[in-house]
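Take a look at the structure set out below.
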Amino acid sequence: MTHSAIPWPLADTSRIPFGVYTDAALHSKELQKFFYEKHWCYVGLEAEIPQPGDFKRTMVGERSVIMARTEDGGIRVFENICAHRGMRFCRERHGNTKEFVCPYHQWSYTLSGELQGVPFRRGVRQGGKVNGGMPSDFNPKDHGLTQLKVASRGGVVFASFDHEVESLEDFLGPSILHYFDRLFNGRQLKILGYNRQRIPGNWKLMQENIKDPYHPGLLHTWFVTFGLWRADNQSELKMDAHHRHAAMISTRGNAGQAQGDTAQVTQVSSFKSSMQLNDPSFLDIVPEAWWGGPTAVMTTVFPSVIFQQQVNSVSTRHIQPDGHGHFNFVWTHFGFEDDTPEMHARRLNQANLFGPAGFVSADDGEVIEFSQQSFETRPDHRTLVELGGRSVEDTDHMVTETLIRGMYAYWRQVMEA
């Protein structure tokens with residue numbers, strides 16, 4: 001029995017107990033250990049708040065936070081909890097404001113989260129005397145909103161409740177930082193739109209899903225049919241030194257066709273090489289200079305975000321836990337300010353492959369839901385992640401579950417410490 005109170009079948013992480021996805025006490029501990037301590041969490045893109053006064057309401061773990069652009073152009077992130085009586089005062093997802101005002105008692109805060117106004121602070125004059133008011137030693141400087149530490153790189157904003165957290169660069173590590181900088185290379189980002197979905201499954205299952213190269217060529221027959229992601233693609237799997245973050249790097253074959261015998265490689269009996277789209281513009285793929293070779297890179301930054309590049313579609317996917325059996329999943333589709341009108345339209349079009357109803361990604365939400373249903377009924381059972389062996393290492397192929405084993409090696413190191 002480990003300190004997490006969940007027995008693991010083996011000393012390694014090649015078999016994961018169902019209780020890891022269903023135990024409420026574990027979930028609370030995960031929030032503290034991964035979302036509120038020693039980790040950076042994604043909160044948004046600078047392009048979402050371009051002007052002073054712009055703000056975005058989002059989540060770090062299960063805590064509501066606000067990312068705001070201050071008058072001097074800086075970025076602050078603070079908790080969406082009024083310092084007076086604890087109300088979540090901001091209800092809009094996005095907006096522009098000169099100040100934040102709690103509707104309960106009208107306490108007001110600057111764009112930096114500092115308390116600036118308290119109604120009746122000095123009491124109310126009645127009948128020649130002053131009644132009530134705050135104590136004489138009340139100092140507004142002591143009652144601002146809870147501030148998070150902020151780091152921004154390449155237009156991407158991270159925040160942490162832990163002000164002693166390591167630098168963002170050290171947190172990502174050089175291997176993952178390379179792929180982060182490849183996508184966020186200094187070009188001005190342009191927001192294209194959002195998708196939101198609520199998935200009835202444990203939040204870790206989405207991290208697993210994007211660390212799992214086993215399923216894309218099997219579950220996602222759309223990928224297989226049109227050659228965007230195949231088991232025989234030239235590929236690499238990379239992790240940071242802690243094995244918590246990962247990048248799945250894939251380069252599709254010539255003209256999107258498999259490099260070898262289709263049936264032998266894909267093992268998908270429903271594959272039809274003659275299948276065509278009524279609207280071929282979904283496959284209007286144009287290589288971009290910044291790709292540097294790979295046609296798809298899926299980067300998972302533990303615990304909160306996925307950075308996606310699938311051909312010309314680029315997005316962030318924000319994981320927001322909500323209890324051990326649900327999470328909210330927010331997609332931010334973006335492009336670049338210097339995109340041509342044709343590339344802008346192409347990115348919008350290819351975004352239809354992804355999101356809650358995407359030709360590809362709809363599959364993921366469904367299998368996560370069905371998996372969670374099983375976990376809830378069999379807390380004594382386990383999953384098997386032994387493809388490619390039981391070790392944890394970078395690979396030059398996708399026929400492995402090494403990234404999932406790596407993530408849980410890190411999970412156990414932190415949770416059982």
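Every chain in the structure tokens takes a letter, A first, then B, and so on in the order presented; its residues are numbered from 1, and the ligands are numbered from 1 following the presented order.
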
### Task
Would you list the contacts of Phe334 of chain A as a list in words, taking every protein, DNA or RNA residue within 6 Å and counting only C-alpha atoms, but skipping same-chain residues closer than 5 positions in sequence?
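Close residues of Phe334 of chain A: Lys190, Ile191, Leu192 and Ser315 of chain A.
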
Mind dumping the selected residues with N, CA and C atoms as a compact mmCIF listing (two decimals), in the first residue's frame?
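Contents of out35.txt, as written:
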```
# COMPACT_ATOMS: atom_id res chain seq x y z
N LYS A 190 -3.11 35.47 -33.42
CA LYS A 190 -4.44 35.99 -33.76
C LYS A 190 -5.49 34.97 -33.35
N ILE A 191 -6.43 35.37 -32.51
CA ILE A 191 -7.45 34.46 -32.01
C ILE A 191 -8.49 34.21 -33.09
N LEU A 192 -8.77 32.92 -33.36
CA LEU A 192 -9.78 32.56 -34.35
C LEU A 192 -11.11 32.18 -33.72
N SER A 315 -3.83 25.14 -31.98
CA SER A 315 -4.74 25.50 -30.89
C SER A 315 -4.10 25.17 -29.55
```

### Message
Could you list, as a ChimeraX atom specification, every residue within 12 Å of Ser361 of chain A, counting only C-alpha atoms and ignoring same-chain residues fewer than 2 positions away?
### Response
/A:195,197,206,209-210,215-216,219-223,308,310,317,329,331,351-359,363-368

### Nearest-residue call for Leu172 of chain A, choices A:Leu228, A:Ala83, A:Cys41, A:Cys90, using only C-alpha atoms
A:Cys41

### DSSP-assigned helix (DSSP H, G or I) members of segment 149-232 of chain A, reported as a PyMOL selection string
chain A and resi 168-183+204-210+216-219+221-226

### Query
So which residues touch Tyr42 of chain A within 8 Å, counting only C-alpha atoms, skipping near sequence neighbours fewer than 2 positions away, as a PyMOL selection string?
chain A and resi 40+44+60+156-159+304-305+318

Write out the residues from the selection above, keeping N, CA and C atoms, as a PDB file, in the first residue's frame.
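part.pdb was written with the following content:
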```pdb
ATOM      1  N   TRP A  40       3.500  25.383 -12.985  1.00  0.00           N
ATOM      2  CA  TRP A  40       2.904  26.452 -13.776  1.00  0.00           C
ATOM      3  C   TRP A  40       1.659  25.915 -14.477  1.00  0.00           C
ATOM      4  N   GLY A  44      -3.889  31.431 -20.601  1.00  0.00           N
ATOM      5  CA  GLY A  44      -4.396  32.010 -21.840  1.00  0.00           C
ATOM      6  C   GLY A  44      -3.294  32.530 -22.742  1.00  0.00           C
ATOM      7  N   VAL A  60      -7.535  27.894 -12.808  1.00  0.00           N
ATOM      8  CA  VAL A  60      -6.319  27.153 -12.451  1.00  0.00           C
ATOM      9  C   VAL A  60      -6.778  26.054 -11.510  1.00  0.00           C
ATOM     10  N   VAL A 156       2.216  33.250 -24.748  1.00  0.00           N
ATOM     11  CA  VAL A 156       1.444  32.313 -23.930  1.00  0.00           C
ATOM     12  C   VAL A 156       1.647  32.667 -22.459  1.00  0.00           C
ATOM     13  N   VAL A 157       0.542  32.724 -21.707  1.00  0.00           N
ATOM     14  CA  VAL A 157       0.595  33.162 -20.313  1.00  0.00           C
ATOM     15  C   VAL A 157       0.340  31.974 -19.385  1.00  0.00           C
ATOM     16  N   PHE A 158       1.266  31.791 -18.448  1.00  0.00           N
ATOM     17  CA  PHE A 158       1.135  30.799 -17.385  1.00  0.00           C
ATOM     18  C   PHE A 158       1.067  31.537 -16.049  1.00  0.00           C
ATOM     19  N   ALA A 159       0.468  30.877 -15.057  1.00  0.00           N
ATOM     20  CA  ALA A 159       0.400  31.475 -13.725  1.00  0.00           C
ATOM     21  C   ALA A 159       0.530  30.378 -12.676  1.00  0.00           C
ATOM     22  N   SER A 304      -1.927  21.047 -17.122  1.00  0.00           N
ATOM     23  CA  SER A 304      -3.103  21.843 -17.482  1.00  0.00           C
ATOM     24  C   SER A 304      -3.368  22.072 -18.954  1.00  0.00           C
ATOM     25  N   VAL A 305      -2.418  21.765 -19.864  1.00  0.00           N
ATOM     26  CA  VAL A 305      -2.638  22.256 -21.230  1.00  0.00           C
ATOM     27  C   VAL A 305      -2.007  21.348 -22.275  1.00  0.00           C
ATOM     28  N   HIS A 318      -7.186  23.615 -22.947  1.00  0.00           N
ATOM     29  CA  HIS A 318      -7.027  23.865 -21.516  1.00  0.00           C
ATOM     30  C   HIS A 318      -7.852  22.859 -20.716  1.00  0.00           C
TER      31      HIS A 318
END
```

Do a neighbour search on segment 141-147 of chain A at 12 Å with only C-alpha atoms, toss out local chain neighbours closer than 5 positions, and write the hits as a short mmCIF file (atom, residue, chain, number, x, y, z; two decimals) with N, CA and C atoms, in the first residue's frame.
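Once written, selection_17.cif looks like this:
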```cif
data_model
loop_
_atom_site.label_atom_id
_atom_site.label_comp_id
_atom_site.auth_asym_id
_atom_site.auth_seq_id
_atom_site.Cartn_x
_atom_site.Cartn_y
_atom_site.Cartn_z
N ARG A 63 -9.95 26.52 -9.20
CA ARG A 63 -10.05 27.90 -8.71
C ARG A 63 -10.25 28.86 -9.88
N SER A 64 -11.21 29.75 -9.73
CA SER A 64 -11.49 30.75 -10.76
C SER A 64 -10.49 31.89 -10.65
N VAL A 65 -9.88 32.26 -11.78
CA VAL A 65 -8.89 33.35 -11.80
C VAL A 65 -9.20 34.29 -12.96
N ILE A 66 -8.62 35.47 -12.91
CA ILE A 66 -8.79 36.48 -13.95
C ILE A 66 -7.41 36.87 -14.48
N MET A 67 -7.27 36.85 -15.80
CA MET A 67 -6.07 37.37 -16.46
C MET A 67 -6.44 38.74 -17.02
N ALA A 68 -5.72 39.78 -16.61
CA ALA A 68 -6.08 41.15 -16.99
C ALA A 68 -4.89 41.91 -17.53
N ILE A 75 0.58 42.30 -17.55
CA ILE A 75 -0.42 41.25 -17.37
C ILE A 75 -0.41 40.80 -15.92
N ARG A 76 -1.58 40.79 -15.32
CA ARG A 76 -1.74 40.29 -13.96
C ARG A 76 -2.73 39.12 -13.98
N VAL A 77 -2.52 38.20 -13.07
CA VAL A 77 -3.47 37.12 -12.86
C VAL A 77 -3.78 37.08 -11.36
N PHE A 78 -5.07 37.13 -11.02
CA PHE A 78 -5.47 37.10 -9.62
C PHE A 78 -6.73 36.26 -9.46
N GLU A 79 -6.94 35.82 -8.22
CA GLU A 79 -8.07 34.93 -7.96
C GLU A 79 -9.38 35.71 -8.00
N ASN A 80 -10.39 35.06 -8.53
CA ASN A 80 -11.72 35.65 -8.66
C ASN A 80 -12.52 35.43 -7.38
N ILE A 81 -11.96 35.93 -6.28
CA ILE A 81 -12.61 35.81 -4.97
C ILE A 81 -12.48 37.16 -4.26
N CYS A 82 -13.60 37.79 -4.01
CA CYS A 82 -13.58 39.09 -3.33
C CYS A 82 -12.95 38.95 -1.95
N ALA A 83 -12.09 39.89 -1.59
CA ALA A 83 -11.38 39.85 -0.31
C ALA A 83 -12.32 40.08 0.87
N HIS A 84 -13.54 40.53 0.60
CA HIS A 84 -14.49 40.83 1.67
C HIS A 84 -15.19 39.57 2.15
N ARG A 85 -16.09 39.02 1.33
CA ARG A 85 -16.88 37.87 1.77
C ARG A 85 -16.74 36.67 0.84
N GLY A 86 -15.72 36.73 -0.03
CA GLY A 86 -15.35 35.54 -0.78
C GLY A 86 -16.16 35.25 -2.02
N MET A 87 -16.95 36.21 -2.49
CA MET A 87 -17.78 35.95 -3.67
C MET A 87 -16.93 35.91 -4.94
N ARG A 88 -17.30 35.03 -5.88
CA ARG A 88 -16.73 35.08 -7.24
C ARG A 88 -17.41 36.25 -7.95
N PHE A 89 -16.71 37.36 -7.98
CA PHE A 89 -17.35 38.60 -8.40
C PHE A 89 -17.44 38.77 -9.91
N PHE A 100 -12.74 46.28 -11.37
CA PHE A 100 -13.56 45.12 -11.02
C PHE A 100 -14.35 45.45 -9.76
N VAL A 101 -15.66 45.26 -9.82
CA VAL A 101 -16.53 45.59 -8.70
C VAL A 101 -17.32 44.36 -8.30
N CYS A 102 -17.26 44.01 -7.02
CA CYS A 102 -18.04 42.89 -6.51
C CYS A 102 -19.49 43.34 -6.33
N TRP A 107 -17.35 46.34 -3.23
CA TRP A 107 -15.91 46.53 -3.10
C TRP A 107 -15.32 46.56 -4.51
N SER A 108 -14.42 47.50 -4.75
CA SER A 108 -13.87 47.65 -6.10
C SER A 108 -12.35 47.50 -6.09
N TYR A 109 -11.85 46.97 -7.23
CA TYR A 109 -10.44 46.65 -7.37
C TYR A 109 -9.91 47.21 -8.69
N THR A 110 -8.63 47.56 -8.68
CA THR A 110 -7.99 48.05 -9.90
C THR A 110 -7.72 46.89 -10.84
N LEU A 111 -7.23 47.21 -12.04
CA LEU A 111 -6.88 46.18 -13.01
C LEU A 111 -5.71 45.33 -12.54
N SER A 112 -5.01 45.80 -11.52
CA SER A 112 -3.91 45.03 -10.93
C SER A 112 -4.37 44.18 -9.75
N GLY A 113 -5.67 44.28 -9.41
CA GLY A 113 -6.20 43.50 -8.31
C GLY A 113 -6.07 44.14 -6.94
N GLU A 114 -5.74 45.43 -6.91
CA GLU A 114 -5.60 46.13 -5.63
C GLU A 114 -6.95 46.70 -5.20
N LEU A 115 -7.23 46.62 -3.92
CA LEU A 115 -8.47 47.18 -3.39
C LEU A 115 -8.41 48.69 -3.45
N GLN A 116 -9.43 49.30 -4.07
CA GLN A 116 -9.43 50.77 -4.20
C GLN A 116 -10.65 51.43 -3.60
N GLY A 117 -11.70 50.67 -3.36
CA GLY A 117 -12.91 51.29 -2.84
C GLY A 117 -13.70 50.37 -1.94
N VAL A 118 -14.09 50.89 -0.75
CA VAL A 118 -14.91 50.14 0.21
C VAL A 118 -16.06 51.04 0.64
N ALA A 159 0.47 30.88 -15.06
CA ALA A 159 0.40 31.47 -13.72
C ALA A 159 0.53 30.38 -12.68
N SER A 160 0.91 30.79 -11.45
CA SER A 160 1.06 29.83 -10.37
C SER A 160 0.70 30.48 -9.04
N PHE A 161 -0.04 29.75 -8.21
CA PHE A 161 -0.30 30.21 -6.85
C PHE A 161 0.96 30.14 -6.00
N ASP A 162 1.93 29.36 -6.44
CA ASP A 162 3.18 29.17 -5.70
C ASP A 162 4.22 30.17 -6.20
N HIS A 163 4.50 31.18 -5.39
CA HIS A 163 5.44 32.22 -5.82
C HIS A 163 6.90 31.77 -5.74
#
```

#### Entry: Surrounding residues of Gln372 of chain A excluding itself and chain neighbours under 5 positions, 9 Å, only C-alpha atoms, as a list in words
Phe18, Tyr21, Thr22, Pro200, Gly201, Asn202, Leu205, Gly325, Val367 and Thr377 of chain A

Based on the selection just made, write C-alpha atoms of those residues as a PDB file, in the first residue's frame.
```
ATOM      1  CA  PHE A  18      -8.746   2.335 -11.465  1.00  0.00           C
ATOM      2  CA  TYR A  21      -9.347   8.002 -11.491  1.00  0.00           C
ATOM      3  CA  THR A  22     -12.127   7.632  -8.900  1.00  0.00           C
ATOM      4  CA  PRO A 200     -17.479  13.081 -17.844  1.00  0.00           C
ATOM      5  CA  GLY A 201     -14.083  11.630 -17.061  1.00  0.00           C
ATOM      6  CA  ASN A 202     -11.059  12.167 -14.836  1.00  0.00           C
ATOM      7  CA  LEU A 205      -7.421  10.873 -19.018  1.00  0.00           C
ATOM      8  CA  GLY A 325     -15.168  12.444 -12.591  1.00  0.00           C
ATOM      9  CA  VAL A 367     -13.840   6.928 -25.137  1.00  0.00           C
ATOM     10  CA  THR A 377     -17.755   0.272 -11.108  1.00  0.00           C
TER      11      THR A 377
END
```

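Taking atom CA of Asp339 of chain A and atom CA of Leu237 of chain A as endpoints, the distance between them is 29.2 Å.
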
### Counting only C-alpha atoms, the option among A:Val165, A:Ala296, A:Ile306, A:Leu10 closest to Leu148 of chain A
A:Val165

### Query
Which of these, A:Ser371, A:Asn233, A:Ser250, A:Gln413, has the shortest distance to Thr299 of chain A once you count only C-alpha atoms?
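Closest residue, counting only C-alpha atoms: A:Ser250.
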
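All residues of protein, DNA or RNA that reach within 9 Å of Ile49 of chain A, judged by only C-alpha atoms and not counting those fewer than 2 positions away in the chain, are A:Leu45, A:Glu46, A:Ala47, A:Gln51, A:Pro52, A:Gly53, A:Asp54, A:Phe55, A:Lys56, A:Met67, A:Ala68, A:Arg69, A:Ile75, A:His94, A:Gly95, A:Asn96.
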
### Message
So, with only C-alpha atoms as the atoms that count, which of A:Gln207, A:Thr251, A:Lys149, A:Glu92 lies closest to Gly406 of chain A?
### Response
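Once distances to Gly406 of chain A are computed over only C-alpha atoms, the minimum belongs to A:Gln207.
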
Closest-contact table, segment 305-406 of chain A side, partner segment 286-289 of chain A, 9 Å, counting only C-alpha atoms, as CSV:
```
residue,atom,partner,partner_atom,distance
A:Val311,CA,A:Pro287,CA,7.7
A:Asn312,CA,A:Val286,CA,7.1
A:Met343,CA,A:Val286,CA,8.4
A:Arg346,CA,A:Val286,CA,8.9
```

### Query
Which polymer residues have any atom within 12 Å of an atom of Ile16 of chain A, counting only C-alpha atoms, with same-chain residues fewer than 6 positions away left out, as an MDAnalysis selection string?
chainID A and resid 6:10 204:205 208 375 379:386 404:409 411:412

### Task
Going by DSSP on the backbone, which bits of segment 302-363 of chain A are strand (DSSP E)? Write them as an MDAnalysis selection string, please.
chainID A and resid 305:310 313:321 327:336

### Task
Kindly indicate which residue among A:Ile176, A:Met275, A:Val20, A:Leu348 lies nearest to Thr332 of chain A, using only C-alpha atoms for the distances.
A:Leu348

### Query
What gap, in Å, lies between atom CA of Glu71 of chain A and atom CA of Asp181 of chain A?
28.1 Å
